[in-house]
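Here's query.txt, which has compact mmCIF, C-alpha atoms:
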```
# COMPACT_ATOMS: atom_id res chain seq x y z
CA MET K 1 -19.78 17.05 -15.36
CA SER K 2 -17.53 15.92 -12.52
CA THR K 3 -13.97 15.89 -11.35
CA ASP K 4 -13.55 12.66 -13.35
CA VAL K 5 -14.09 14.58 -16.58
CA ALA K 6 -11.52 17.15 -15.53
CA GLU K 7 -9.03 14.35 -14.98
CA LYS K 8 -9.72 13.10 -18.53
CA TRP K 9 -8.98 16.58 -19.86
CA LYS K 10 -5.65 16.65 -18.05
CA HIS K 11 -4.59 13.38 -19.70
CA LEU K 12 -5.90 13.88 -23.22
CA PRO K 13 -3.90 11.54 -25.51
CA GLN K 14 -1.45 13.21 -27.86
CA ASN K 15 -3.10 11.53 -30.85
CA HIS K 16 -6.61 12.63 -29.89
CA LEU K 17 -8.63 14.19 -32.73
CA ALA K 18 -9.13 17.33 -30.65
CA ARG K 19 -5.40 18.05 -30.99
CA SER K 20 -5.49 18.13 -34.79
CA THR K 21 -4.26 21.36 -36.37
CA LYS K 22 -6.63 20.73 -39.30
CA LEU K 23 -9.71 21.56 -37.23
CA PRO K 24 -11.57 24.70 -38.40
CA TRP K 25 -10.99 26.51 -35.10
CA TYR K 26 -7.23 26.11 -35.37
CA HIS K 27 -6.66 29.42 -37.12
CA GLN K 28 -3.63 29.96 -39.30
CA ASN K 29 -3.37 33.68 -38.59
CA PHE K 30 -4.48 36.20 -36.02
CA GLU K 31 -3.05 39.54 -37.11
CA TYR K 32 -6.53 40.81 -38.00
CA LYS K 33 -7.58 40.55 -34.33
CA LEU K 34 -4.39 41.83 -32.68
CA LYS K 35 -5.35 45.16 -31.14
CA SER K 36 -3.06 47.88 -29.84
CA PRO K 37 -3.80 47.30 -26.10
CA PHE K 38 -2.55 43.70 -26.23
CA ARG K 39 0.48 44.65 -28.32
CA LYS K 40 1.21 47.39 -25.78
CA LEU K 41 0.82 44.87 -22.94
CA LEU K 42 3.42 42.54 -24.47
CA GLU K 43 5.82 45.36 -25.32
CA GLU K 44 5.58 47.24 -22.02
CA TRP K 45 4.77 44.58 -19.42
CA SER K 46 6.59 41.66 -21.03
CA GLY K 47 9.45 43.56 -22.66
CA ILE K 48 8.94 41.99 -26.08
CA ALA K 49 10.40 43.90 -29.00
CA PRO K 50 7.76 45.22 -31.45
CA ASP K 51 9.05 43.08 -34.32
CA ASP K 52 8.91 39.98 -32.13
CA VAL K 53 5.32 40.31 -30.91
CA ILE K 54 3.62 38.40 -33.72
CA PRO K 55 6.07 35.46 -33.92
CA HIS K 56 6.04 35.29 -30.11
CA ILE K 57 2.26 34.89 -30.04
CA TYR K 58 2.40 32.15 -32.69
CA CYS K 59 5.06 30.30 -30.70
CA VAL K 60 3.11 30.49 -27.44
CA ARG K 61 -0.10 29.36 -29.16
CA GLU K 62 1.69 26.21 -30.33
CA GLY K 63 2.77 25.41 -26.79
CA ALA K 64 -0.63 26.19 -25.29
CA TRP K 65 -2.32 23.94 -27.88
CA GLN K 66 -0.12 21.10 -26.71
CA VAL K 67 -1.13 21.76 -23.11
CA PHE K 68 -4.82 21.50 -23.99
CA PRO K 69 -6.53 22.21 -27.34
CA TRP K 70 -9.41 24.43 -26.32
CA PRO K 71 -10.96 26.06 -29.40
CA CYS K 72 -10.22 29.44 -27.78
CA ILE K 73 -6.52 28.57 -27.98
CA GLY K 74 -6.80 27.63 -31.63
CA GLU K 75 -8.67 30.87 -32.33
CA PHE K 76 -6.18 33.06 -30.40
CA TRP K 77 -8.90 34.30 -28.06
CA PHE K 78 -6.29 34.74 -25.35
CA ILE K 79 -5.17 37.97 -27.04
CA GLU K 80 -8.67 39.50 -26.82
CA GLN K 81 -8.47 40.88 -23.23
CA GLY K 82 -12.13 40.23 -22.45
CA LEU K 83 -12.01 41.97 -19.07
CA LEU K 84 -10.56 45.14 -20.61
CA ARG K 85 -13.56 45.32 -22.95
CA HIS K 86 -16.09 44.85 -20.13
CA PRO K 87 -18.08 48.05 -19.39
CA ASP K 88 -17.21 47.75 -15.69
CA TYR K 89 -13.47 47.25 -16.18
CA SER K 90 -12.52 50.77 -15.10
CA SER K 91 -14.58 50.57 -11.92
CA ILE K 92 -13.11 47.15 -11.05
CA LEU K 93 -9.56 48.43 -11.60
CA LYS K 94 -10.29 51.49 -9.47
CA GLN K 95 -11.74 49.31 -6.72
CA ILE K 96 -8.64 47.09 -6.66
CA THR K 97 -6.17 49.97 -6.71
CA SER K 98 -7.84 52.48 -4.41
CA THR K 99 -9.43 50.38 -1.66
CA THR K 100 -7.48 49.60 1.50
CA PRO K 101 -6.78 46.79 2.01
CA ASN K 102 -6.74 45.90 -1.67
CA PRO K 103 -9.58 43.55 -2.62
CA LYS K 104 -8.67 39.99 -3.61
CA PHE K 105 -9.45 39.32 -7.27
CA LEU K 106 -9.90 35.82 -8.74
CA ASP K 107 -9.94 35.17 -12.49
CA LEU K 108 -11.79 31.84 -12.71
CA GLY K 109 -10.91 29.81 -15.80
CA THR K 110 -7.89 32.05 -16.23
CA CYS K 111 -6.35 30.07 -19.14
CA LEU K 112 -3.10 31.95 -19.91
CA GLY K 113 -3.84 34.62 -17.32
CA GLN K 114 -4.29 37.41 -19.84
CA ASP K 115 -6.85 39.26 -17.74
CA VAL K 116 -4.64 39.10 -14.65
CA ARG K 117 -1.82 40.66 -16.67
CA THR K 118 -4.17 43.29 -18.05
CA LEU K 119 -4.93 44.39 -14.49
CA THR K 120 -1.26 44.43 -13.45
CA HIS K 121 -0.37 46.50 -16.50
CA GLY K 122 -3.21 48.84 -15.55
CA GLY K 123 -1.69 49.41 -12.12
CA ALA K 124 -3.35 46.79 -9.92
CA PRO K 125 -1.04 45.31 -7.26
CA PRO K 126 0.02 41.76 -8.22
CA SER K 127 -0.37 40.72 -4.58
CA SER K 128 -4.16 41.07 -4.94
CA LEU K 129 -4.53 39.15 -8.21
CA TYR K 130 -5.08 35.42 -8.63
CA GLY K 131 -6.09 33.05 -11.41
CA ALA K 132 -7.50 29.54 -11.27
CA ASP K 133 -7.75 26.88 -13.95
CA VAL K 134 -8.33 23.15 -14.03
CA ILE K 135 -5.51 22.69 -16.58
CA THR K 136 -2.18 22.92 -14.73
CA GLY K 137 0.00 23.56 -17.77
CA PHE K 138 -1.66 26.85 -18.64
CA LYS K 139 0.26 28.51 -15.81
CA ASN K 140 3.60 27.94 -17.52
CA ALA K 141 2.12 28.78 -20.91
CA GLY K 142 1.06 32.12 -19.43
CA TYR K 143 4.54 32.73 -18.08
CA ALA K 144 5.91 31.92 -21.54
CA LEU K 145 3.55 34.47 -23.10
CA PHE K 146 4.12 37.28 -20.61
CA LYS K 147 7.67 36.58 -19.37
CA ASP K 148 6.84 37.56 -15.80
CA GLU K 149 7.42 34.54 -13.57
CA GLU K 150 9.68 36.59 -11.29
CA ARG K 151 7.02 39.31 -10.91
CA LEU K 152 3.87 37.20 -10.45
CA ASP K 153 3.99 34.64 -7.64
CA PRO K 154 3.31 31.11 -8.99
CA SER K 155 1.18 30.44 -5.91
CA HIS K 156 -1.26 33.02 -7.25
CA PHE K 157 -2.20 30.64 -10.07
CA ILE K 158 -4.34 27.94 -8.50
CA THR K 159 -5.01 24.56 -10.07
CA GLY K 160 -8.60 23.83 -9.20
CA ASP K 161 -11.78 22.13 -10.35
CA ILE K 162 -14.94 24.13 -9.67
CA PHE K 163 -16.78 20.86 -8.88
CA SER K 164 -14.31 19.75 -6.23
CA GLU K 165 -15.10 20.07 -2.54
CA VAL K 166 -11.54 19.47 -1.35
CA ASP K 167 -8.94 20.84 -3.77
CA ASP K 168 -6.89 24.05 -3.51
CA LEU K 169 -9.62 26.14 -5.12
CA ALA K 170 -12.30 24.82 -2.76
CA LYS K 171 -10.07 25.72 0.18
CA THR K 172 -10.36 29.40 -0.78
CA ARG K 173 -14.15 29.53 -0.39
CA GLY K 174 -15.45 32.68 1.20
CA THR K 175 -12.24 34.66 0.62
CA TRP K 176 -12.72 36.52 -2.68
CA ASP K 177 -13.90 40.10 -3.06
CA ILE K 178 -14.14 40.02 -6.87
CA ILE K 179 -14.52 36.98 -9.12
CA HIS K 180 -14.19 37.26 -12.89
CA ILE K 181 -15.69 34.51 -15.05
CA ALA K 182 -15.37 34.95 -18.82
CA MET K 183 -16.48 32.46 -21.48
CA PHE K 184 -16.83 29.78 -18.83
CA LEU K 185 -20.40 28.62 -18.19
CA HIS K 186 -21.16 27.78 -21.81
CA ILE K 187 -19.06 24.58 -21.70
CA PHE K 188 -21.50 22.95 -19.24
CA SER K 189 -24.94 21.40 -19.32
CA LEU K 190 -27.76 23.26 -17.57
CA PRO K 191 -27.57 21.16 -14.37
CA ASP K 192 -23.80 21.66 -14.29
CA GLN K 193 -24.19 25.41 -14.88
CA GLU K 194 -26.42 25.52 -11.81
CA ALA K 195 -23.89 23.53 -9.76
CA VAL K 196 -21.01 25.70 -11.00
CA SER K 197 -22.88 28.90 -10.16
CA LYS K 198 -23.56 27.70 -6.63
CA ASN K 199 -19.88 26.86 -6.13
CA ILE K 200 -18.83 30.25 -7.50
CA MET K 201 -21.09 31.88 -4.93
CA LYS K 202 -19.39 29.80 -2.23
CA LEU K 203 -16.02 31.24 -3.30
CA LEU K 204 -17.23 34.81 -2.87
CA LYS K 205 -17.03 36.65 0.46
CA ALA K 206 -20.48 36.78 2.05
CA VAL K 207 -20.36 40.55 2.59
CA PRO K 208 -21.99 43.53 0.88
CA GLY K 209 -20.01 44.74 -2.12
CA SER K 210 -18.59 41.36 -3.14
CA THR K 211 -18.73 41.19 -6.92
CA ILE K 212 -18.98 38.68 -9.75
CA ILE K 213 -18.18 40.09 -13.18
CA GLY K 214 -17.86 38.38 -16.54
CA THR K 215 -18.94 37.67 -20.08
CA GLN K 216 -20.65 34.50 -21.25
CA THR K 217 -21.56 32.94 -24.58
CA GLY K 218 -25.31 32.88 -25.15
CA SER K 219 -27.92 32.44 -27.84
CA LEU K 220 -30.99 34.24 -29.14
CA ASP K 221 -32.84 30.97 -28.56
CA ALA K 222 -31.90 29.23 -25.33
CA GLY K 223 -31.56 25.48 -25.41
CA GLU K 224 -29.52 22.35 -25.15
CA LEU K 225 -26.87 21.49 -27.72
CA THR K 226 -25.66 17.94 -28.31
CA LEU K 227 -21.91 17.76 -28.82
CA LYS K 228 -20.16 15.72 -31.47
CA PRO K 229 -16.55 14.48 -31.65
CA PRO K 230 -13.98 15.82 -31.00
CA PHE K 231 -15.88 17.65 -28.24
CA CYS K 232 -16.86 14.24 -26.87
CA GLU K 233 -15.80 10.66 -27.46
CA PRO K 234 -17.43 8.61 -30.26
CA GLY K 235 -20.62 7.08 -28.90
CA GLU K 236 -20.67 9.40 -25.86
CA HIS K 237 -23.78 11.52 -25.26
CA LYS K 238 -22.77 14.94 -23.97
CA THR K 239 -24.68 18.22 -23.98
CA ILE K 240 -24.09 21.86 -23.18
CA TYR K 241 -26.62 24.60 -22.64
CA ARG K 242 -26.85 28.08 -24.13
CA GLN K 243 -28.70 30.70 -22.12
CA LYS K 244 -30.45 33.67 -23.66
CA LYS K 245 -30.16 37.04 -21.95
CA ARG K 246 -33.62 37.21 -20.36
CA ASP K 247 -33.49 33.61 -19.09
CA TYR K 248 -29.99 34.11 -17.73
CA GLU K 249 -30.98 37.27 -15.88
CA SER K 250 -33.84 35.42 -14.17
CA TYR K 251 -31.62 32.40 -13.56
CA VAL K 252 -28.95 34.34 -11.67
```

What is this structure when it is put down as structure tokens?
Amino acid sequence: MSTDVAEKWKHLPQNHLARSTKLPWYHQNFEYKLKSPFRKLLEEWSGIAPDDVIPHIYCVREGAWQVFPWPCIGEFWFIEQGLLRHPDYSSILKQITSTTPNPKFLDLGTCLGQDVRTLTHGGAPPSSLYGADVITGFKNAGYALFKDEERLDPSHFITGDIFSEVDDLAKTRGTWDIIHIAMFLHIFSLPDQEAVSKNIMKLLKAVPGSTIIGTQTGSLDAGELTLKPPFCEPGEHKTIYRQKKRDYESYV
């Protein structure tokens, strides 16, 4: 993958098959996966009335799908709060809130910024929290979801391509104490996963205690998967790679 592919994503035609609401990952309901912590986040942090939470999420999903139709948007994965469910969440939150100066936290592939908001709701100082995504429009979609543009500085949401050597994300190399990457590496081929991992390491501060935390999609049997439309263009050969736990542990 390259920055050219990222540019194609940013300009996906409105009539592209990937935008269809008839695709199996464009779910028609989500109430079965709405858990109390996310409802509490919207009610307490965002000030959304309890009766308005569900229609509000539907409305924001429609707008986010128009920004870019990731399957995770269609499946409402942005309400899952992946970082909150991580076994090291409490220790990361404690590190951010109790260390002086507060560590700088980057949520890489932030999408709607749900994990950044989870940390702020948990007591982390917004001044220490940042998100980065290659899709510019997700920043405003996140503000639409959480209604907090006046509380979270727009400059803390960076538009950046992990493959770039010169963009705003690349300019932050060597400055991050904690980097969170969730459901991110699985969209790349194996060579691209290796390149991405090297660039993530370049973002991290080269000091003891710097941390990378996250959750990735894997497989019981590691291997290459060949994508089909709409995940690629007709006639285009494109692959992604699924790691299995043991191989991934040796790889990192």

Pick out the residues sitting within 9 Å of region 166-183 of chain K, and hand them over as number ranges by chain; count only C-alpha atoms, and ignore anything fewer than 4 positions along from it in its own chain. K: 82-83, 92, 96, 103-110, 132, 158-162, 187, 199-207, 209-217

Fewer than 6 positions away in the same chain doesn't count, so skip those; otherwise give me all residues within 9 Å of Trp25 (chain K), counting only C-alpha atoms, as an mmCIF file with C-alpha atoms, in the coordinates of the input.
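Wrote it out as around_23.cif, contents follow:
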```
data_model
loop_
_atom_site.group_PDB
_atom_site.id
_atom_site.type_symbol
_atom_site.label_atom_id
_atom_site.label_comp_id
_atom_site.auth_asym_id
_atom_site.auth_seq_id
_atom_site.Cartn_x
_atom_site.Cartn_y
_atom_site.Cartn_z
ATOM 1 C CA PRO K 71 -10.960 26.060 -29.400
ATOM 2 C CA CYS K 72 -10.220 29.440 -27.780
ATOM 3 C CA ILE K 73 -6.520 28.570 -27.980
ATOM 4 C CA GLY K 74 -6.800 27.630 -31.630
ATOM 5 C CA GLU K 75 -8.670 30.870 -32.330
#
```

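Between Tyr58 (chain K) and the residues K:Phe231, K:Tyr26, K:Phe163, K:Trp45, the shortest atom-to-atom distance, using only C-alpha atoms, involves K:Tyr26.
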
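What separates CA of His186 (chain K) from CA of Arg242 (chain K) is a distance of 6.2 Å.
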
For a cutoff of 12 Å around the file-coordinate point (-6.3, 24.9, -24.6), which residues qualify once you count all atoms listed in the file? I'd like the result as a PyMOL selection string. chain K and resi 9-10+12+18-19+25-26+60-78+109-112+133-139+141-142

Please provide as a list in words all residues within 10 Å of Asn102 (chain K), with the sequence filter that same-chain residues fewer than 4 positions apart are discarded (counting all atoms listed in the file). Gln95, Ile96, Thr97, Ser98, Ala124, Pro125, Ser127, Ser128, Leu129 and Asp177 of chain K

Selected residues written out with C-alpha atoms, as a compact mmCIF listing (two decimals), keeping the file's coordinate frame:
```
# COMPACT_ATOMS: atom_id res chain seq x y z
CA GLN K 95 -11.74 49.31 -6.72
CA ILE K 96 -8.64 47.09 -6.66
CA THR K 97 -6.17 49.97 -6.71
CA SER K 98 -7.84 52.48 -4.41
CA ALA K 124 -3.35 46.79 -9.92
CA PRO K 125 -1.04 45.31 -7.26
CA SER K 127 -0.37 40.72 -4.58
CA SER K 128 -4.16 41.07 -4.94
CA LEU K 129 -4.53 39.15 -8.21
CA ASP K 177 -13.90 40.10 -3.06
```

Please indicate the distance in Å from CA of Thr100 (chain K) to CA of Ser155 (chain K), rounded to one decimal place. 22.3 Å

Between K:Phe184, K:Leu42, K:Ile79, K:Pro208, smallest distance to Lys147 (chain K) by only C-alpha atoms belongs to K:Leu42

Per-axis box centre and lengths in Å around region 91-101 of chain K, 3 Å margin per side, axis-aligned, as JSON:
```
{"center_x": -10.4, "center_y": 49.6, "center_z": -5.0, "size_x": 14.4, "size_y": 11.7, "size_z": 19.9}
```

Neighbour list for Arg39 (chain K) as a compact mmCIF listing (two decimals) with C-alpha atoms, in the coordinates of the input, cut-off 10 Å, all atoms listed in the file, skip fewer than 6 positions in-chain:
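And here's result14.txt as it stands now:
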```txt
# COMPACT_ATOMS: atom_id res chain seq x y z
CA TRP K 45 4.77 44.58 -19.42
CA SER K 46 6.59 41.66 -21.03
CA ILE K 48 8.94 41.99 -26.08
CA ALA K 49 10.40 43.90 -29.00
CA PRO K 50 7.76 45.22 -31.45
CA VAL K 53 5.32 40.31 -30.91
CA ILE K 54 3.62 38.40 -33.72
CA ILE K 79 -5.17 37.97 -27.04
```

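Rounded to one decimal, CA of Glu80 (chain K) and CA of Lys245 (chain K) lie 22.2 Å from each other.
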